[in-house]
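Peer 1: Supplied in structure tokens, the structure appears directly below.
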Amino acid sequence: MSLLDIEDVSVDYRIGSGSLRAVDHVSLRVEQGEALGIVGESGCGKTSLGLAVPMLLPANASISSGSISLGGRELVGMSERELNQLRWTEVAFVFQGAMNALNPVQRVDRQILEAITAHDSHADREVAGARVLELLELVGIAAARAKSYPHEFSGGMRQRAMIAMALACRPSLLIADEPTTALDVISQAQILALLDSLRRSEGLSLMMISHDLSAIKRVCDRIVVMYAGVVVESGTTEEVLGRRGRPAAAQHPYTKALIAAHPDLGGARSLAQGLSGHPPDLSVPITGCRFADRCDSAMEICREQAPASLSVSPGHVAACHLARRLVP
Amino acid sequence: MSLRYLAKKLFTLAVTLYVTVSFNFLLFHVLPGNPVQLLARSGHFDPAARAQLVKLFGLDHPLIVQYFIYLKDMVHGNLGFSYVYRQPVTTVLGGAIGNTVLLVGTATLVTIVVGIWLGVVAASRAHSLSDATITVTSLGLWSMPDFFTGMILIFICGVWTHILPISGLVTPGLVTGTWGHLVDVARHLILPALTLTLVNAAEFSLISRNTLVDVMVEDYMLTARAKGLSRRRIIWRHALRNATLPIVTATALYVGMILGGAIQVETVFSWPGMGLLIYNSVVQRDYPVLEAAFLIFAIAVIATNFISDLLYQVLDPRVRRA
């Protein structure tokens with residue numbers, strides 16, 4: 001059984017008089033101990049999908065179909081009280097680096113302590129306090145800095161403190177939404193190395209949302225590519241993006257375009273290729289393939305019929321009319 | 001909070017006080033009207049007596065000398081002599097200040113508690129029916145002048161139902177013990193305090209509601225929810241704590257407003273405080289009393305702003321190193 005099983009989930013936002021489907025019948029799984037990367041450009045539904053797991057969607061959004069089960073427990077339709085017990089103990093969140101995710105008027109150690117005591121009201125204060133320092137040390141923040149306020153930290157330190165807080169209740173799943181966005185490259189590398197080592201040492205499963213392919217490649221075992229609210233391709237990172245000399249075997253033109261837009265430092269020197277245009281307006285119904293308008297290889301059928309998902313090789317699925325089974 | 005900051009603020013406070021005191025002196029010395037004539041309460045009187053009065057009040061000195069005498073007297077706690085009451089101004093004010101502190105203090109306390117609580121209720125159910133009810137009622141109450149609200153309350157509670165006294169501090173001629181006296185004063189306090197509270201709590205609830213609604217969409221509020229904290233803890237510990245700064249600002253501004261309101265309310269309810277004294281002194285042109293009353297109101301407002309500046313330092317770690 002998978003740790004996280006997202007089955008046929010749709011997320012709708014009420015906007016004005018109409019509605020917008022940000023996530024459209026998405027299914028994916030995260031296995032125990034696995035790191036799954038979700039990639040796609042802004043507005044493709046990655047963050048909505050991430051927030052949907054612990055039911056943290058904004059008030060104007062709702063899950064209109066599907067089921068989300070975490071460790072065998074169904075989360076859709078669960079009471080707020082039950083969800084609160086599950087949040088942070090089973091599934092913790094690391095928000096975007098650019099976000100103001102730490103309370104500006106509370107000391108960092110207090111914020112981490114609060115996560116512990118909120119879920120264990122009988123927690124011994126001294127034991128919990130020691131655990132806070134231990135967590136901070138784990139992410140490379142000295143105990144002497146524990147009593148700082150968030151504004152006294154650098155962006156990278158804030159994000160590391162956020163990760164320490166996320167680990168406070170020993171969750172089985174960590175969702176990291178753009179954890180390295182808005183950080184300098186050194187901090188980015190530190191955060192990614194930290195997530196990678198923590199997931200091994202703490203036995204975490206990771207769902208990392210990013211538009212940064214190299215970050216996904218660095219940390220994740222599998223990748224899910226989303227475009228305009230649907231999954232267009234998924235497979236092992238190694239196969240889809242290529243790794244250690246193996247060329248990328250991405251099948252979907254959108255995945256290929258994302259790879260082409262990303263300079264490969266190790267590979268042959270070439271200019272990164274941009275992808276022109278914008279994702280489609282999701283508030284109007286779309287017939288055919290959602291990517292057809294921006295696709296160089298679009299055919300007549302692409303505009304008439306949405307492509308079905310095709311298993312191109314074991315564990316590698318692409319939703320494109322052009323996708324063909326890979327010959328091993 | 002650094003000592004340096006405190007010293008800086010104290011210096012500003014001293015300068016502000018000095019300017020206020022000086023302006024107050026100037027204001028009452030450029031006003032039209034001859035003080036001696038006002039004091040004599042009569043157009044025709046003996047020139048010898050007039051000269052004696054001029055000398056007694058130091059009006060024979062040039063303005064600048066009078067100014068320094070005024071400053072010297074103030075330092076010695078001498079605020080002049082009331083034309084009307086024929087008593088030192090400090091004696092006249094002494095009785096009134098306590099009554100105003102009782103009225104304004106009660107109203108302020110209730111205003112802050114009720115206003116913030118209503119704001120929290122409205123903000124935590126933003127855009128619901130209870131939010132709309134609180135917001136619309138608050139807007140209505142806030143738009144009403146104090147004296148108008150006061151008169152409506154007088155009509156309902158005094159004229160119509162006779163459940164509460166509508167005028168004064170105590171029931172005239174009532175002879176009781178200490179406890180009975182306290183109850184009597186408390187009963188007289190209810191309506192004027194309620195009037196001040198209605199208007200100001202309405203303003204407070206709107207300010208705290210709007211601040212809270214802004215805070216609720218901050219990123220750290222999502223973190224608080226993700227941590228699985230209870231709704232109550234999220235609102236009181238995370239949202240309200242971050243909303244305190246604008247609320248403290250509102251409180252500082254509010255003191256100026258409520259002192260203005262006290263003049264109206266004390267007049268409407270004949271509450272023997274500073275407000276009523278100011279009203280009567282304007283009518284009777286009792287300049288020395290007015291001068292002192294203005295000064296006390298100004299000092300109260302300056303002091304509140306000073307305190308709120310210091311509170312900022314305590315409440316917001318981000319401004320602490322200013």
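Each chain of the structure tokens is named A, B, ... in the order shown, its residues numbered from 1; ligands are numbered from 1 in display order.
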With a distance threshold of 9 Å and counting only C-alpha atoms, extract the residues of chain B near chain A and express them as a count of residues only.
Peer 2: 20
Peer 1: Stretch 265-302 of chain A: which residues are helix (DSSP H, G or I) by DSSP, as a count of residues only?
Peer 2: 6
Peer 1: Rounded to one decimal in Å, what is the spacing between atom CA of A:Leu206 and atom CA of A:Glu34?
Peer 2: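 The value is 6.3 Å.
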Peer 1: Need the shell around B:Asp309: protein/DNA/RNA residues with any atom at most 9 Å away, counting only C-alpha atoms. Skip same-chain ones fewer than 4 positions apart. Format as an MDAnalysis selection string?
Peer 2: chainID B and resid 9 249 304:305 313
Peer 1: Could those selected residues go to a file with N, CA and C atoms, as a compact mmCIF listing (two decimals), in the first residue's frame?
Peer 2:
# COMPACT_ATOMS: atom_id res chain seq x y z
N LYS B 9 13.22 59.25 22.91
CA LYS B 9 11.77 59.44 23.02
C LYS B 9 11.43 60.43 24.13
N THR B 249 -2.06 51.50 17.95
CA THR B 249 -2.13 52.82 17.31
C THR B 249 -3.52 53.40 17.48
N THR B 304 -0.21 59.32 26.20
CA THR B 304 -0.68 58.06 25.60
C THR B 304 0.16 57.70 24.38
N ASN B 305 0.47 58.70 23.57
CA ASN B 305 1.28 58.43 22.38
C ASN B 305 2.68 57.96 22.76
N GLN B 313 7.76 48.91 20.88
CA GLN B 313 9.07 48.30 21.10
C GLN B 313 8.93 46.93 21.73
Peer 1: Looking at only C-alpha atoms, which of A:Gly156, A:Ser172, A:Ser201, A:Ala292 is the one that sits closest to A:Asp184?
Peer 2: A:Gly156
Peer 1: Do a neighbour search on B:Val248 at 8 Å with only C-alpha atoms, toss out local chain neighbours closer than 2 positions, and write the hits as a PyMOL selection string.
Peer 2: chain B and resi 244-246+250-252+308+311-312
Peer 1: Take the residues from that selection and write them out as a PDB file, in the first residue's frame, keeping N, CA, C and O atoms.
Peer 2:
ATOM      1  N   THR B 244      -1.945  43.324  16.943  1.00  0.00           N
ATOM      2  CA  THR B 244      -1.931  44.271  18.059  1.00  0.00           C
ATOM      3  C   THR B 244      -1.370  45.636  17.690  1.00  0.00           C
ATOM      4  O   THR B 244      -1.816  46.636  18.236  1.00  0.00           O
ATOM      5  N   LEU B 245      -0.410  45.689  16.755  1.00  0.00           N
ATOM      6  CA  LEU B 245       0.210  46.987  16.464  1.00  0.00           C
ATOM      7  C   LEU B 245      -0.793  48.024  15.981  1.00  0.00           C
ATOM      8  O   LEU B 245      -0.886  49.096  16.558  1.00  0.00           O
ATOM      9  N   PRO B 246      -1.569  47.726  14.927  1.00  0.00           N
ATOM     10  CA  PRO B 246      -2.570  48.705  14.514  1.00  0.00           C
ATOM     11  C   PRO B 246      -3.586  48.995  15.623  1.00  0.00           C
ATOM     12  O   PRO B 246      -4.082  50.117  15.729  1.00  0.00           O
ATOM     13  N   ALA B 250      -4.524  52.556  17.213  1.00  0.00           N
ATOM     14  CA  ALA B 250      -5.909  53.016  17.317  1.00  0.00           C
ATOM     15  C   ALA B 250      -6.204  53.472  18.743  1.00  0.00           C
ATOM     16  O   ALA B 250      -6.873  54.492  18.953  1.00  0.00           O
ATOM     17  N   THR B 251      -5.661  52.748  19.732  1.00  0.00           N
ATOM     18  CA  THR B 251      -5.907  53.117  21.125  1.00  0.00           C
ATOM     19  C   THR B 251      -5.316  54.486  21.433  1.00  0.00           C
ATOM     20  O   THR B 251      -5.940  55.308  22.113  1.00  0.00           O
ATOM     21  N   ALA B 252      -4.114  54.731  20.911  1.00  0.00           N
ATOM     22  CA  ALA B 252      -3.472  56.012  21.174  1.00  0.00           C
ATOM     23  C   ALA B 252      -4.290  57.155  20.577  1.00  0.00           C
ATOM     24  O   ALA B 252      -4.499  58.197  21.210  1.00  0.00           O
ATOM     25  N   SER B 308       2.347  54.386  23.784  1.00  0.00           N
ATOM     26  CA  SER B 308       2.149  53.483  22.642  1.00  0.00           C
ATOM     27  C   SER B 308       3.449  53.303  21.858  1.00  0.00           C
ATOM     28  O   SER B 308       3.727  52.221  21.351  1.00  0.00           O
ATOM     29  N   LEU B 311       5.237  50.767  23.746  1.00  0.00           N
ATOM     30  CA  LEU B 311       4.591  49.467  23.577  1.00  0.00           C
ATOM     31  C   LEU B 311       4.995  48.810  22.259  1.00  0.00           C
ATOM     32  O   LEU B 311       5.188  47.604  22.188  1.00  0.00           O
ATOM     33  N   TYR B 312       5.130  49.627  21.204  1.00  0.00           N
ATOM     34  CA  TYR B 312       5.586  49.110  19.906  1.00  0.00           C
ATOM     35  C   TYR B 312       6.870  48.330  20.080  1.00  0.00           C
ATOM     36  O   TYR B 312       7.062  47.266  19.516  1.00  0.00           O
TER      37      TYR B 312
END
Peer 1: Please identify all polymer residues within 10 Å of B:Met144, counting only C-alpha atoms, omitting same-chain residues fewer than 6 positions from it, and present them as a list in words.
Peer 2: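 The neighbour list is Gly150, Leu198 and Val199 of chain B.
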Peer 1: Have a look at A:Leu20, A:Ala189, A:Leu183, A:Val108 and name the one nearest to A:Ala161; count only C-alpha atoms.
Peer 2: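 Closest to A:Ala161 of all the choices is A:Val108.
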Peer 1: Which polymer residues have any atom within 7 Å of an atom of B:Ala202, counting only C-alpha atoms, with same-chain residues fewer than 3 positions away left out, as a PyMOL selection string?
Peer 2: chain B and resi 115+138-139+141-142+198-199+205-206
Peer 1: Next, write the just-selected residues to a file, as a compact mmCIF listing (two decimals), in the first residue's frame, keeping all heavy atoms as the atom set.
Peer 2:
# COMPACT_ATOMS: atom_id res chain seq x y z
N GLY B 115 -14.70 45.77 22.03
CA GLY B 115 -14.35 46.08 20.64
C GLY B 115 -13.48 44.99 20.03
O GLY B 115 -13.76 44.51 18.92
N SER B 138 -21.75 48.27 13.75
CA SER B 138 -20.63 49.12 14.17
C SER B 138 -20.56 50.39 13.34
O SER B 138 -20.38 51.48 13.88
CB SER B 138 -19.31 48.36 14.02
OG SER B 138 -19.29 47.26 14.88
N LEU B 139 -20.74 50.24 12.03
CA LEU B 139 -20.69 51.42 11.16
C LEU B 139 -21.79 52.41 11.56
O LEU B 139 -21.55 53.61 11.63
CB LEU B 139 -20.88 51.01 9.70
CG LEU B 139 -19.62 50.65 8.94
CD1 LEU B 139 -19.94 50.11 7.56
CD2 LEU B 139 -18.71 51.88 8.82
N LEU B 141 -23.31 52.73 14.54
CA LEU B 141 -23.03 53.34 15.85
C LEU B 141 -21.89 54.34 15.75
O LEU B 141 -21.90 55.39 16.38
CB LEU B 141 -22.67 52.25 16.86
CG LEU B 141 -23.83 51.42 17.38
CD1 LEU B 141 -23.32 50.26 18.21
CD2 LEU B 141 -24.76 52.29 18.22
N TRP B 142 -20.89 53.99 14.93
CA TRP B 142 -19.72 54.84 14.79
C TRP B 142 -20.10 56.19 14.16
O TRP B 142 -19.52 57.22 14.45
CB TRP B 142 -18.67 54.12 13.94
CG TRP B 142 -17.33 54.77 13.94
CD1 TRP B 142 -16.87 55.69 14.85
CD2 TRP B 142 -16.29 54.56 13.01
NE1 TRP B 142 -15.59 56.04 14.55
CE2 TRP B 142 -15.21 55.38 13.43
CE3 TRP B 142 -16.12 53.76 11.88
CZ2 TRP B 142 -14.01 55.41 12.73
CZ3 TRP B 142 -14.93 53.80 11.20
CH2 TRP B 142 -13.88 54.61 11.61
N LEU B 198 -20.37 52.74 23.28
CA LEU B 198 -21.04 52.34 22.03
C LEU B 198 -20.30 52.88 20.82
O LEU B 198 -19.96 52.14 19.89
CB LEU B 198 -22.49 52.85 22.02
CG LEU B 198 -23.49 52.01 22.83
CD1 LEU B 198 -24.87 52.65 22.78
CD2 LEU B 198 -23.55 50.59 22.28
N VAL B 199 -20.03 54.18 20.84
CA VAL B 199 -19.39 54.80 19.68
C VAL B 199 -17.98 54.25 19.48
O VAL B 199 -17.60 53.85 18.39
CB VAL B 199 -19.32 56.33 19.88
CG1 VAL B 199 -18.61 56.98 18.71
CG2 VAL B 199 -20.71 56.90 20.02
N SER B 205 -14.05 47.70 17.02
CA SER B 205 -14.36 46.40 16.42
C SER B 205 -14.06 46.44 14.92
O SER B 205 -13.56 45.48 14.37
CB SER B 205 -15.81 46.02 16.69
OG SER B 205 -16.67 46.73 15.84
N LEU B 206 -14.33 47.58 14.28
CA LEU B 206 -14.05 47.68 12.84
C LEU B 206 -12.55 47.61 12.58
O LEU B 206 -12.09 46.90 11.69
CB LEU B 206 -14.62 48.98 12.27
CG LEU B 206 -16.14 49.03 12.16
CD1 LEU B 206 -16.60 50.40 11.69
CD2 LEU B 206 -16.64 47.96 11.21
Peer 1: DSSP on the backbone, strand (DSSP E) only: what residues of stretch 232-304 of chain A does that give? Format it as number ranges by chain.
Peer 2: A: 232-236
